[in-house]
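File shown here: model_16.csv, holding CSV, C-alpha atoms.
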chain,number,residue,atom,x,y,z
A,1,MET,CA,-52.2,120.1,18.5
A,2,HIS,CA,-53.1,117.6,21.2
A,3,LEU,CA,-51.0,114.5,21.5
A,4,ALA,CA,-52.6,111.2,22.5
A,5,PRO,CA,-52.0,110.0,26.1
A,6,HIS,CA,-48.8,108.0,26.5
A,7,TRP,CA,-50.8,104.8,27.3
A,8,LYS,CA,-52.8,105.0,24.1
A,9,ILE,CA,-49.6,105.5,22.0
A,10,LYS,CA,-48.0,102.5,23.7
A,11,ARG,CA,-51.1,100.3,23.2
A,12,GLU,CA,-51.2,101.3,19.5
A,13,LEU,CA,-47.6,100.5,19.0
A,14,LYS,CA,-48.1,97.0,20.6
A,15,ARG,CA,-51.1,96.4,18.3
A,16,ILE,CA,-48.9,97.3,15.2
A,17,GLN,CA,-46.1,95.1,16.5
A,18,LYS,CA,-48.5,92.1,16.8
A,19,GLN,CA,-49.7,92.7,13.3
A,20,ILE,CA,-46.2,92.8,11.9
A,21,ILE,CA,-45.3,89.6,13.7
A,22,SER,CA,-48.5,87.9,12.5
A,23,ILE,CA,-47.8,88.9,8.9
A,24,HIS,CA,-44.2,87.7,9.1
A,25,SER,CA,-45.3,84.4,10.6
A,26,ARG,CA,-47.9,83.8,7.8
A,27,VAL,CA,-45.3,84.7,5.1
A,28,TYR,CA,-42.8,82.3,6.6
A,29,VAL,CA,-45.3,79.4,6.8
A,30,SER,CA,-46.6,80.0,3.3
A,31,LEU,CA,-43.3,80.5,1.5
A,32,LEU,CA,-40.4,79.3,3.6
A,33,SER,CA,-41.6,76.5,6.0
A,34,ALA,CA,-41.4,73.7,3.4
A,35,PRO,CA,-38.0,74.7,2.0
A,36,HIS,CA,-36.6,75.2,5.5
A,37,TYR,CA,-37.9,71.8,6.6
A,38,ASP,CA,-36.5,70.0,3.5
A,39,ARG,CA,-33.0,71.6,3.9
A,40,PHE,CA,-32.6,71.3,7.7
A,41,THR,CA,-35.2,69.5,9.8
A,42,GLY,CA,-36.0,66.9,7.2
A,43,ARG,CA,-32.4,65.6,7.4
A,44,SER,CA,-33.4,63.7,10.6
A,45,VAL,CA,-35.9,61.6,8.7
A,46,GLN,CA,-35.0,57.9,8.7
A,47,ILE,CA,-36.4,55.7,5.9
A,48,PHE,CA,-36.2,51.9,5.7
A,49,ASP,CA,-37.1,49.2,3.2
A,50,GLY,CA,-39.5,46.5,4.2
A,51,LYS,CA,-39.9,43.0,2.8
A,52,ILE,CA,-43.3,43.4,1.3
A,53,PRO,CA,-42.8,43.6,-2.5
A,54,TYR,CA,-43.6,46.7,-4.6
A,55,ALA,CA,-47.1,46.8,-6.2
A,56,ASP,CA,-48.6,49.4,-8.5
A,57,ARG,CA,-50.9,50.3,-5.6
A,58,ILE,CA,-49.2,51.9,-2.6
A,59,ALA,CA,-50.9,53.0,0.7
A,60,ILE,CA,-49.2,55.6,2.8
A,61,TYR,CA,-50.4,55.0,6.4
A,62,LEU,CA,-49.5,57.8,8.9
A,63,ILE,CA,-49.3,56.8,12.5
A,64,PHE,CA,-48.5,58.5,15.8
A,65,PRO,CA,-47.4,55.5,18.0
A,66,LYS,CA,-46.9,57.2,21.4
A,67,ASN,CA,-47.2,53.8,23.0
A,68,GLY,CA,-45.6,51.9,20.2
A,69,ILE,CA,-47.2,50.1,17.2
A,70,SER,CA,-50.7,49.0,18.4
A,71,GLN,CA,-52.8,46.1,17.5
A,72,SER,CA,-55.1,48.3,15.5
A,73,HIS,CA,-52.1,49.6,13.6
A,74,LYS,CA,-51.3,46.0,12.7
A,75,LEU,CA,-54.9,45.3,11.8
A,76,ALA,CA,-54.9,48.3,9.4
A,77,ILE,CA,-51.6,47.3,7.8
A,78,GLU,CA,-52.8,43.7,7.3
A,79,TYR,CA,-55.9,45.1,5.6
A,80,LEU,CA,-53.8,47.1,3.2
A,81,ARG,CA,-51.7,44.1,2.3
A,82,THR,CA,-54.6,41.8,1.7
A,83,SER,CA,-56.2,44.5,-0.4
A,84,GLY,CA,-53.3,44.4,-2.8
A,85,TYR,CA,-51.6,47.6,-1.6
A,86,SER,CA,-48.0,47.9,-0.6
A,87,PRO,CA,-48.0,49.5,2.8
A,88,PHE,CA,-45.7,52.5,3.4
A,89,VAL,CA,-45.9,53.5,7.0
A,90,VAL,CA,-45.0,57.1,8.0
A,91,SER,CA,-44.5,57.6,11.8
A,92,ASN,CA,-44.6,61.1,13.3
A,93,LEU,CA,-42.7,59.7,16.3
A,94,PRO,CA,-39.4,57.8,16.7
A,95,LEU,CA,-39.8,54.0,16.3
A,96,THR,CA,-38.6,51.4,18.8
A,97,ASP,CA,-36.3,48.5,17.7
A,98,SER,CA,-39.2,46.0,18.1
A,99,ASP,CA,-41.5,48.3,16.0
A,100,CYS,CA,-38.9,48.5,13.3
A,101,ALA,CA,-38.5,44.7,13.3
A,102,TRP,CA,-42.2,44.2,12.9
A,103,LEU,CA,-42.5,46.9,10.2
A,104,THR,CA,-39.6,45.4,8.2
A,105,GLN,CA,-41.6,42.1,7.9
A,106,ASN,CA,-44.9,43.7,7.1
A,107,THR,CA,-44.4,46.8,5.0
A,108,TYR,CA,-43.0,47.9,1.7
A,109,LYS,CA,-41.3,50.9,3.3
A,110,PHE,CA,-41.5,52.8,6.5
A,111,LEU,CA,-40.0,56.0,7.9
A,112,SER,CA,-39.9,58.1,11.1
A,113,ARG,CA,-40.0,61.9,11.0
A,114,PRO,CA,-40.4,64.9,13.3
A,115,ASN,CA,-44.1,65.7,14.0
A,116,ILE,CA,-44.3,68.8,11.9
A,117,GLY,CA,-47.3,69.6,9.9
A,118,TYR,CA,-49.5,66.9,11.5
A,119,ASP,CA,-51.1,64.4,9.1
A,120,PHE,CA,-50.5,66.4,5.9
A,121,GLY,CA,-46.9,66.9,6.9
A,122,GLY,CA,-46.6,63.1,7.1
A,123,TYR,CA,-48.4,62.5,3.9
A,124,ARG,CA,-46.1,65.0,2.2
A,125,GLU,CA,-43.0,63.0,3.5
A,126,GLY,CA,-44.4,59.8,2.0
A,127,VAL,CA,-45.2,61.4,-1.4
A,128,LEU,CA,-41.8,63.1,-1.7
A,129,SER,CA,-40.2,59.8,-0.8
A,130,LEU,CA,-42.1,58.1,-3.7
A,131,TYR,CA,-41.1,60.7,-6.3
A,132,SER,CA,-39.4,58.1,-8.6
A,133,GLU,CA,-42.4,55.8,-8.4
A,134,LEU,CA,-45.4,58.1,-8.9
A,135,ASN,CA,-45.4,57.7,-12.7
A,136,ARG,CA,-45.7,53.9,-12.3
A,137,LEU,CA,-48.5,53.8,-9.8
A,138,GLN,CA,-52.1,53.0,-10.6
A,139,TYR,CA,-53.3,54.2,-7.2
A,140,LEU,CA,-51.9,55.9,-4.2
A,141,ALA,CA,-53.9,55.7,-1.0
A,142,PHE,CA,-53.6,57.8,2.1
A,143,PHE,CA,-54.7,56.7,5.6
A,144,ASN,CA,-54.0,58.0,9.1
A,145,ASP,CA,-54.6,56.5,12.6
A,146,SER,CA,-57.2,59.1,13.6
A,147,THR,CA,-59.6,56.4,12.9
A,148,TRP,CA,-60.0,52.7,13.6
A,149,PHE,CA,-60.4,50.6,10.4
A,150,PRO,CA,-61.5,48.3,9.1
A,151,THR,CA,-64.4,47.3,11.4
A,152,GLN,CA,-65.9,43.8,11.0
A,153,GLY,CA,-69.2,43.8,9.2
A,154,SER,CA,-68.3,47.0,7.3
A,155,LYS,CA,-67.8,47.2,3.5
A,156,ASP,CA,-64.4,46.9,2.0
A,157,TRP,CA,-63.4,50.6,1.6
A,158,LEU,CA,-60.6,50.3,-0.9
A,159,SER,CA,-62.6,48.1,-3.3
A,160,ARG,CA,-65.6,50.4,-3.1
A,161,ALA,CA,-63.3,53.5,-3.6
A,162,GLU,CA,-61.9,51.9,-6.8
A,163,ALA,CA,-65.4,51.0,-8.0
A,164,LEU,CA,-66.4,54.6,-7.8
A,165,ASN,CA,-64.3,55.0,-10.9
A,166,VAL,CA,-63.2,58.5,-10.0
A,167,ALA,CA,-59.7,60.1,-9.8
A,168,TYR,CA,-60.1,61.2,-6.2
A,169,ALA,CA,-62.1,59.3,-3.6
A,170,SER,CA,-62.7,59.6,0.1
A,171,PRO,CA,-65.0,57.8,2.6
A,172,ALA,CA,-67.0,61.0,3.2
A,173,SER,CA,-67.1,64.8,2.7
A,174,SER,CA,-67.7,67.7,5.2
A,175,PHE,CA,-69.2,71.1,5.0
A,176,GLY,CA,-71.0,70.5,1.8
A,177,THR,CA,-74.4,71.7,3.0
A,178,PRO,CA,-75.4,75.4,3.6
A,179,ARG,CA,-74.4,76.5,7.0
A,180,ILE,CA,-77.1,77.3,9.6
A,181,LYS,CA,-77.0,78.1,13.3
A,182,PHE,CA,-77.5,75.1,15.6
A,183,PHE,CA,-80.6,76.5,17.2
A,184,ASP,CA,-82.1,77.2,13.7
A,185,PHE,CA,-82.2,73.4,13.1
A,186,ARG,CA,-85.8,73.4,12.0
A,187,THR,CA,-84.8,75.4,8.9
A,188,MET,CA,-82.3,72.7,7.8
A,189,GLU,CA,-82.6,71.8,4.1
A,190,TRP,CA,-80.1,69.0,3.3
A,191,ARG,CA,-78.5,69.5,-0.1
A,192,LEU,CA,-74.8,69.0,-1.1
A,193,ASP,CA,-72.9,71.7,-2.9
A,194,VAL,CA,-69.2,71.1,-3.7
A,195,THR,CA,-68.8,74.8,-4.5
A,196,LEU,CA,-69.2,75.9,-0.9
A,197,ARG,CA,-66.2,77.6,0.5
A,198,TYR,CA,-65.2,75.0,3.1
A,199,PHE,CA,-66.4,71.8,1.3
A,200,HIS,CA,-63.8,69.1,1.4
A,201,TYR,CA,-63.2,65.4,1.3
A,202,CYS,CA,-62.1,63.8,4.6
A,203,SER,CA,-58.4,63.0,4.6
A,204,TYR,CA,-58.3,60.1,7.1
A,205,ALA,CA,-58.6,58.0,4.0
A,206,LEU,CA,-58.1,59.0,0.4
A,207,LEU,CA,-57.6,57.2,-2.9
A,208,VAL,CA,-55.8,59.0,-5.7
A,209,ARG,CA,-55.7,57.6,-9.2
A,210,LYS,CA,-52.9,57.7,-11.8
A,211,GLU,CA,-54.0,60.7,-13.8
A,212,ILE,CA,-53.6,62.9,-10.7
A,213,LEU,CA,-50.5,61.2,-9.6
A,214,ARG,CA,-48.8,61.9,-12.9
A,215,SER,CA,-49.8,65.6,-13.0
A,216,LYS,CA,-47.4,68.4,-12.3
A,217,ALA,CA,-50.0,70.1,-10.2
A,218,PHE,CA,-50.1,67.2,-7.7
A,219,TRP,CA,-46.3,67.2,-7.3
A,220,ARG,CA,-46.2,70.9,-7.0
A,221,TYR,CA,-48.9,70.9,-4.3
A,222,TRP,CA,-47.0,68.5,-2.1
A,223,LYS,CA,-43.6,70.1,-2.7
A,224,LEU,CA,-44.8,73.6,-1.7
A,225,LEU,CA,-47.2,72.5,1.0
A,226,PRO,CA,-46.8,74.8,4.0
A,227,LEU,CA,-45.8,73.0,7.2
A,228,THR,CA,-47.4,74.5,10.2
A,229,ALA,CA,-48.3,73.8,13.9
A,230,ASP,CA,-51.6,75.6,13.4
A,231,LYS,CA,-54.3,72.9,13.1
A,232,SER,CA,-56.8,75.2,11.5
A,233,GLN,CA,-54.3,76.1,8.8
A,234,VAL,CA,-53.5,72.4,8.3
A,235,VAL,CA,-57.2,71.9,7.4
A,236,ARG,CA,-57.2,74.9,5.1
A,237,VAL,CA,-54.1,74.0,3.1
A,238,GLY,CA,-54.5,70.2,3.5
A,239,GLU,CA,-58.0,68.8,3.3
A,240,ILE,CA,-59.6,71.9,1.8
A,241,GLY,CA,-56.6,72.8,-0.3
A,242,LEU,CA,-56.2,69.4,-1.9
A,243,THR,CA,-59.9,69.1,-2.5
A,244,ARG,CA,-60.1,72.5,-4.2
A,245,LEU,CA,-57.1,71.6,-6.4
A,246,VAL,CA,-58.8,68.4,-7.6
A,247,ILE,CA,-62.0,70.2,-8.4
A,248,ARG,CA,-60.3,73.2,-10.0
A,249,LYS,CA,-58.3,71.0,-12.3
A,250,GLY,CA,-61.5,69.2,-13.4
A,251,TYR,CA,-60.7,65.7,-12.1
A,252,SER,CA,-63.5,63.4,-11.2
A,253,HIS,CA,-64.1,63.0,-7.5
A,254,GLY,CA,-66.5,61.4,-5.0
A,255,SER,CA,-67.1,59.7,-1.7
A,256,THR,CA,-68.2,56.1,-0.9
A,257,LEU,CA,-70.6,57.4,1.7
A,258,ASP,CA,-73.6,58.7,-0.3
A,259,LEU,CA,-74.5,61.7,1.9
A,260,ASN,CA,-77.3,62.6,-0.4
A,261,ALA,CA,-79.1,59.5,0.8
A,262,LEU,CA,-78.9,60.5,4.5
A,263,PRO,CA,-82.3,62.2,4.8
A,264,THR,CA,-84.0,59.3,3.0
A,265,VAL,CA,-82.5,56.7,5.2
A,266,LEU,CA,-83.3,58.6,8.3
A,267,ALA,CA,-86.9,58.8,7.1
A,268,THR,CA,-87.2,55.0,6.9
A,269,ARG,CA,-86.1,54.6,10.6
A,270,SER,CA,-88.7,53.8,13.2
A,271,ASN,CA,-89.7,56.3,15.9
A,272,LEU,CA,-87.8,54.4,18.5
A,273,GLU,CA,-84.7,54.2,16.3
A,274,LEU,CA,-84.8,58.0,15.6
A,275,ASN,CA,-85.1,58.7,19.3
A,276,LYS,CA,-81.9,56.6,19.9
A,277,ILE,CA,-80.0,58.1,17.0
A,278,ALA,CA,-80.7,61.6,18.2
A,279,ARG,CA,-79.8,60.7,21.8
A,280,ASN,CA,-76.5,59.2,20.7
A,281,LEU,CA,-75.4,62.1,18.5
A,282,ILE,CA,-71.6,62.8,18.9
A,283,THR,CA,-70.8,66.5,19.3
A,284,ILE,CA,-67.0,66.2,19.9
A,285,GLY,CA,-67.2,68.6,22.8
A,286,ASN,CA,-68.9,71.4,20.9
A,287,THR,CA,-70.8,73.2,23.7
A,288,GLU,CA,-73.5,74.7,21.6
A,289,ALA,CA,-74.2,71.4,19.8
A,290,THR,CA,-74.2,69.5,23.1
A,291,GLN,CA,-76.7,71.9,24.7
A,292,LEU,CA,-79.0,71.7,21.6
A,293,VAL,CA,-79.0,67.9,21.5
A,294,GLU,CA,-79.7,67.6,25.3
A,295,GLU,CA,-82.5,70.2,25.1
A,296,VAL,CA,-84.2,68.8,22.0
A,297,VAL,CA,-83.9,65.1,23.0
A,298,SER,CA,-85.4,65.9,26.4
A,299,MET,CA,-88.4,67.6,24.8
A,300,ARG,CA,-89.1,65.6,21.7
A,301,ASP,CA,-90.3,62.1,21.2
A,302,ALA,CA,-90.7,60.7,17.7
A,303,GLN,CA,-93.5,58.5,18.9
A,304,ARG,CA,-95.7,61.4,20.0
A,305,SER,CA,-96.2,63.2,16.8
A,306,ALA,CA,-95.1,63.6,13.2
A,307,SER,CA,-93.8,67.1,14.0
A,308,GLU,CA,-91.6,65.9,16.8
A,309,ARG,CA,-90.3,63.1,14.6
A,310,GLN,CA,-89.4,65.7,11.9
A,311,ASP,CA,-87.7,67.9,14.5
A,312,LEU,CA,-85.4,65.0,15.5
A,313,ILE,CA,-84.6,64.3,11.8
A,314,LYS,CA,-83.7,68.0,11.4
A,315,LEU,CA,-81.6,68.0,14.5
A,316,ILE,CA,-79.6,65.0,13.3
A,317,LEU,CA,-79.0,66.6,9.9
A,318,THR,CA,-78.0,69.9,11.4
A,319,VAL,CA,-75.4,68.5,13.8
A,320,ALA,CA,-74.1,66.2,11.0
A,321,SER,CA,-73.9,69.2,8.7
A,322,ARG,CA,-72.0,71.5,11.2
A,323,ILE,CA,-69.6,68.9,12.6
A,324,GLY,CA,-69.4,66.1,10.0
A,325,ALA,CA,-71.4,63.0,9.5
A,326,SER,CA,-68.5,60.6,10.1
A,327,TYR,CA,-68.0,62.1,13.5
A,328,VAL,CA,-71.6,62.5,14.5
A,329,LEU,CA,-73.2,59.2,13.5
A,330,PRO,CA,-70.7,56.4,13.9
A,331,GLU,CA,-73.1,53.7,14.9
A,332,PHE,CA,-75.8,54.7,12.4
A,333,LEU,CA,-73.3,54.9,9.5
A,334,HIS,CA,-71.8,51.5,10.5
A,335,GLU,CA,-75.2,49.8,10.6
A,336,ASN,CA,-76.9,51.5,7.7
A,337,PHE,CA,-74.1,52.2,5.2
A,338,GLY,CA,-71.4,49.6,6.1
A,339,PHE,CA,-69.1,52.5,7.0
A,340,SER,CA,-65.5,51.2,7.6
A,341,PHE,CA,-64.1,54.0,9.9
A,342,LEU,CA,-64.5,55.0,13.5
A,343,LYS,CA,-63.1,58.3,14.6
A,344,LYS,CA,-61.0,58.3,17.8
A,345,SER,CA,-61.4,62.0,18.8
A,346,PRO,CA,-64.8,61.6,20.4
A,347,LEU,CA,-63.0,59.7,23.2
A,348,VAL,CA,-60.8,62.7,23.9
A,349,PHE,CA,-63.0,65.8,23.9
A,350,SER,CA,-66.0,64.8,25.9
A,351,LYS,CA,-67.0,62.3,28.6
A,352,ARG,CA,-70.5,62.1,27.2
A,353,ASP,CA,-69.2,61.3,23.7
A,354,SER,CA,-66.7,58.8,25.2
A,355,GLU,CA,-69.5,56.9,26.9
A,356,ILE,CA,-71.5,56.7,23.7
A,357,MET,CA,-68.4,55.4,21.8
A,358,MET,CA,-67.7,52.8,24.6
A,359,LYS,CA,-71.2,51.4,24.2
A,360,LEU,CA,-70.6,51.1,20.4
A,361,GLY,CA,-67.3,49.4,21.0
A,362,LYS,CA,-69.0,46.7,23.0
A,363,LYS,CA,-71.2,45.9,20.0
A,364,LEU,CA,-68.5,45.6,17.5
A,365,LYS,CA,-68.0,42.0,16.4
A,366,GLY,CA,-65.0,39.7,15.9
A,367,PRO,CA,-61.3,40.0,17.0
A,368,SER,CA,-61.1,43.5,15.5
A,369,GLY,CA,-64.0,44.6,17.6
A,370,ARG,CA,-62.3,43.4,20.8
A,371,ILE,CA,-59.1,45.2,19.7
A,372,ILE,CA,-61.0,48.5,19.1
A,373,GLU,CA,-63.0,48.1,22.3
A,374,HIS,CA,-59.8,47.6,24.3
A,375,GLU,CA,-58.1,50.6,22.8
A,376,MET,CA,-61.3,52.7,23.4
A,377,HIS,CA,-61.1,51.7,27.1
A,378,SER,CA,-57.4,52.6,27.3
A,379,ILE,CA,-58.1,56.1,25.9
A,380,PHE,CA,-61.1,56.6,28.2
A,381,THR,CA,-59.0,55.5,31.2
A,382,SER,CA,-56.1,57.7,30.3
A,383,MET,CA,-58.2,60.8,30.1
A,384,GLY,CA,-59.3,60.5,33.8
A,385,ASN,CA,-60.5,63.8,35.1
A,386,GLU,CA,-59.2,65.7,32.0
A,387,TYR,CA,-62.7,65.7,30.5
A,388,ASN,CA,-63.7,68.2,33.1
A,389,THR,CA,-61.0,70.6,32.1
A,390,ALA,CA,-60.9,70.0,28.4
A,391,MET,CA,-61.6,73.1,26.2
A,392,PRO,CA,-64.8,73.1,24.2
A,393,HIS,CA,-64.1,71.8,20.8
A,394,ASP,CA,-65.5,73.0,17.5
A,395,HIS,CA,-64.4,70.8,14.5
A,396,GLU,CA,-65.0,73.7,12.1
A,397,ASN,CA,-62.0,75.5,13.7
A,398,THR,CA,-59.6,72.5,13.5
Output the structure of this file as C-alpha cells.
Amino acid sequence: MHLAPHWKIKRELKRIQKQIISIHSRVYVSLLSAPHYDRFTGRSVQIFDGKIPYADRIAIYLIFPKNGISQSHKLAIEYLRTSGYSPFVVSNLPLTDSDCAWLTQNTYKFLSRPNIGYDFGGYREGVLSLYSELNRLQYLAFFNDSTWFPTQGSKDWLSRAEALNVAYASPASSFGTPRIKFFDFRTMEWRLDVTLRYFHYCSYALLVRKEILRSKAFWRYWKLLPLTADKSQVVRVGEIGLTRLVIRKGYSHGSTLDLNALPTVLATRSNLELNKIARNLITIGNTEATQLVEEVVSMRDAQRSASERQDLIKLILTVASRIGASYVLPEFLHENFGFSFLKKSPLVFSKRDSEIMMKLGKKLKGPSGRIIEHEMHSIFTSMGNEYNTAMPHDHENT
C-alpha cells in the first residue's frame, strides 16, 4: 500500500478544513445571524420619535450619512412628506446632534443602527420597529439612498406605484430576460419572464400594500432574514428572496417602468439618438461590457445602414439585460419614461461612467438638479485616482 506524499495529504486536509469553515459560516448566517443580532448587537439601536404625525402610509428611508444628512436626503424626505407618507429614517451610521435635531422636525420616527446586513438589514430594523402598526397601514414604502430621487421633470413615483393597483410595486425589475453572453448581442431577443431564476424587483424603492403587510409570511420573512456582510448573499435573500416570496404567495406585482416597451421606444429613436444612447451606456465598471460597448460604438453608425442601426439596438438591450436598465440607461429613462431615480454607483466604479453621469447632472433642471449635480461632483472628486485601481465590477455578482 502506497501512502500519498505528505504535501498532498496536508493540501487535502486544508481543503477539507476550508469546506467545514464555509459550511459552518453558511449555517450561522442562515439560522443564527438574525437571532444573535436581535439579542446582542441590536441592543445598540437608538430609536427616536419625530414630530411628523402618523399616517396610514409610512415610508422607511434607509441612509448611510457618512458626511451627515445631505441636501439630497432632505429633498427625498420632503418628497415623502408631501406625498402623504410619514417618513421613518433608518441610518446605518451614528447620527450627529444636528442631524437628530433636523430629523426630529421632519420625520415620524428615526433610528440609528450598526451597519449590518446593508440595505435589507436596515429595512428589517424598520419593519420590526413597526410591528404594532403593520395591521393598520395601507401602504409601507421602502427607499434607500443608493439613488437620487426625485428628479425634476420626472413622474411622481409613489402616485404611479399606487396607481398600478398591485400589492408589490417597484420602479423596475432586473434579470427578467434570458441571459446571453455580451459578445452574442446580435442574438438578443427581448422578452420578460418573471419565472427566471434571478428575476427580481429592484429594492432601492418598493411599495407594499396592506394584504402583504398583514400576512404572516411577510413578518416571518423579515424576522428570519439572515444578516450578512456578503453583498451577493444580501441580493439573494433580499431583492430576489422577497420577490420570490411575493410571486410564490400569489400576490399581484409590477413595476412602474414598462420594460416590455423598451425595444419599441428604442425603435422610434432617430439614428443620431441611437448613436448617442449606445455611446453613453453605463457599464458600472464591468470590463467585458465596457470593451463591447467601445468596440461596437467605434465600428457601428446607425446612419450608415439598417443593419448597423439594428446592431446598436441589440447592443443597448443586451447591456441593459445583463446589468439592469436603471443602471445602464439613466438619461434615456429620464427623458423617455419620466424615470424618477438616478443610481449613484456609476460614479464609484468607473471614470468613464462618472463622466457620462456628470454630463447628465449638468442637464438636470431646478434646485434639485443643482443639488444632485453638486453631490455628483463631490463623489467624482473624492474618488481621485481610485478609478485606476478599482476592481472590475459585475452587478450580477452583487
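For the choices A:Met299, A:Ala325, A:Ile58, A:Leu103, the atom-to-atom distance to A:Phe175 is smallest for A:Ala325 when using all atoms listed in the file.
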Rank nothing, just name the residue among A:Leu213, A:Val45, A:Ile379, A:Leu257 nearest to A:Arg160, using all atoms listed in the file.
A:Leu257
Determine the nearest neighbour of A:Arg322 from the options A:Phe185, A:Phe349, A:Tyr108, A:Tyr61, counting only C-alpha atoms.
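Checking each candidate against A:Arg322, we get A:Phe185 as the closest.
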One number please: atom CA of A:Leu134 to atom CA of A:Asp56, in Å, one decimal.
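Separation between atom CA of A:Leu134 and atom CA of A:Asp56: 9.3 Å.
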Which distance in Å separates atom CA of A:Thr151 and atom CA of A:Gly338, to one decimal?
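Those two atoms sit 9.1 Å apart.
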N, CA, C and O atoms restored at stretch 283-297 of chain A, emitted as an mmCIF file, in the frame of the given file:
data_model
loop_
_atom_site.group_PDB
_atom_site.id
_atom_site.type_symbol
_atom_site.label_atom_id
_atom_site.label_comp_id
_atom_site.auth_asym_id
_atom_site.auth_seq_id
_atom_site.Cartn_x
_atom_site.Cartn_y
_atom_site.Cartn_z
ATOM 1 N N THR A 283 -70.969 65.022 19.536
ATOM 2 C CA THR A 283 -70.800 66.500 19.300
ATOM 3 C C THR A 283 -69.336 66.906 19.485
ATOM 4 O O THR A 283 -69.042 68.098 19.405
ATOM 5 N N ILE A 284 -68.422 65.949 19.705
ATOM 6 C CA ILE A 284 -67.000 66.200 19.900
ATOM 7 C C ILE A 284 -66.705 67.435 20.771
ATOM 8 O O ILE A 284 -65.836 68.255 20.463
ATOM 9 N N GLY A 285 -67.445 67.551 21.850
ATOM 10 C CA GLY A 285 -67.200 68.600 22.800
ATOM 11 C C GLY A 285 -67.679 69.975 22.431
ATOM 12 O O GLY A 285 -67.424 70.945 23.144
ATOM 13 N N ASN A 286 -68.383 70.102 21.311
ATOM 14 C CA ASN A 286 -68.900 71.400 20.900
ATOM 15 C C ASN A 286 -70.035 71.783 21.868
ATOM 16 O O ASN A 286 -71.083 71.140 21.904
ATOM 17 N N THR A 287 -69.822 72.825 22.653
ATOM 18 C CA THR A 287 -70.800 73.200 23.700
ATOM 19 C C THR A 287 -72.144 73.488 23.186
ATOM 20 O O THR A 287 -73.154 73.010 23.727
ATOM 21 N N GLU A 288 -72.218 74.271 22.132
ATOM 22 C CA GLU A 288 -73.500 74.700 21.600
ATOM 23 C C GLU A 288 -74.269 73.461 21.042
ATOM 24 O O GLU A 288 -75.480 73.317 21.262
ATOM 25 N N ALA A 289 -73.566 72.580 20.339
ATOM 26 C CA ALA A 289 -74.200 71.400 19.800
ATOM 27 C C ALA A 289 -74.689 70.470 20.922
ATOM 28 O O ALA A 289 -75.790 69.913 20.854
ATOM 29 N N THR A 290 -73.869 70.313 21.965
ATOM 30 C CA THR A 290 -74.200 69.500 23.100
ATOM 31 C C THR A 290 -75.499 69.989 23.778
ATOM 32 O O THR A 290 -76.424 69.228 24.102
ATOM 33 N N GLN A 291 -75.534 71.286 24.026
ATOM 34 C CA GLN A 291 -76.700 71.900 24.700
ATOM 35 C C GLN A 291 -77.956 71.697 23.822
ATOM 36 O O GLN A 291 -79.033 71.380 24.343
ATOM 37 N N LEU A 292 -77.812 71.875 22.503
ATOM 38 C CA LEU A 292 -79.000 71.700 21.600
ATOM 39 C C LEU A 292 -79.468 70.265 21.656
ATOM 40 O O LEU A 292 -80.677 70.024 21.789
ATOM 41 N N VAL A 293 -78.559 69.300 21.540
ATOM 42 C CA VAL A 293 -79.000 67.900 21.500
ATOM 43 C C VAL A 293 -79.677 67.543 22.845
ATOM 44 O O VAL A 293 -80.756 66.923 22.835
ATOM 45 N N GLU A 294 -79.104 67.945 23.961
ATOM 46 C CA GLU A 294 -79.700 67.600 25.300
ATOM 47 C C GLU A 294 -81.084 68.255 25.401
ATOM 48 O O GLU A 294 -82.018 67.629 25.916
ATOM 49 N N GLU A 295 -81.211 69.488 24.938
ATOM 50 C CA GLU A 295 -82.500 70.200 25.100
ATOM 51 C C GLU A 295 -83.549 69.553 24.164
ATOM 52 O O GLU A 295 -84.677 69.286 24.606
ATOM 53 N N VAL A 296 -83.211 69.318 22.897
ATOM 54 C CA VAL A 296 -84.200 68.800 22.000
ATOM 55 C C VAL A 296 -84.596 67.360 22.318
ATOM 56 O O VAL A 296 -85.779 67.003 22.307
ATOM 57 N N VAL A 297 -83.616 66.535 22.662
ATOM 58 C CA VAL A 297 -83.900 65.100 23.000
ATOM 59 C C VAL A 297 -84.793 65.037 24.233
ATOM 60 O O VAL A 297 -85.656 64.156 24.325
#
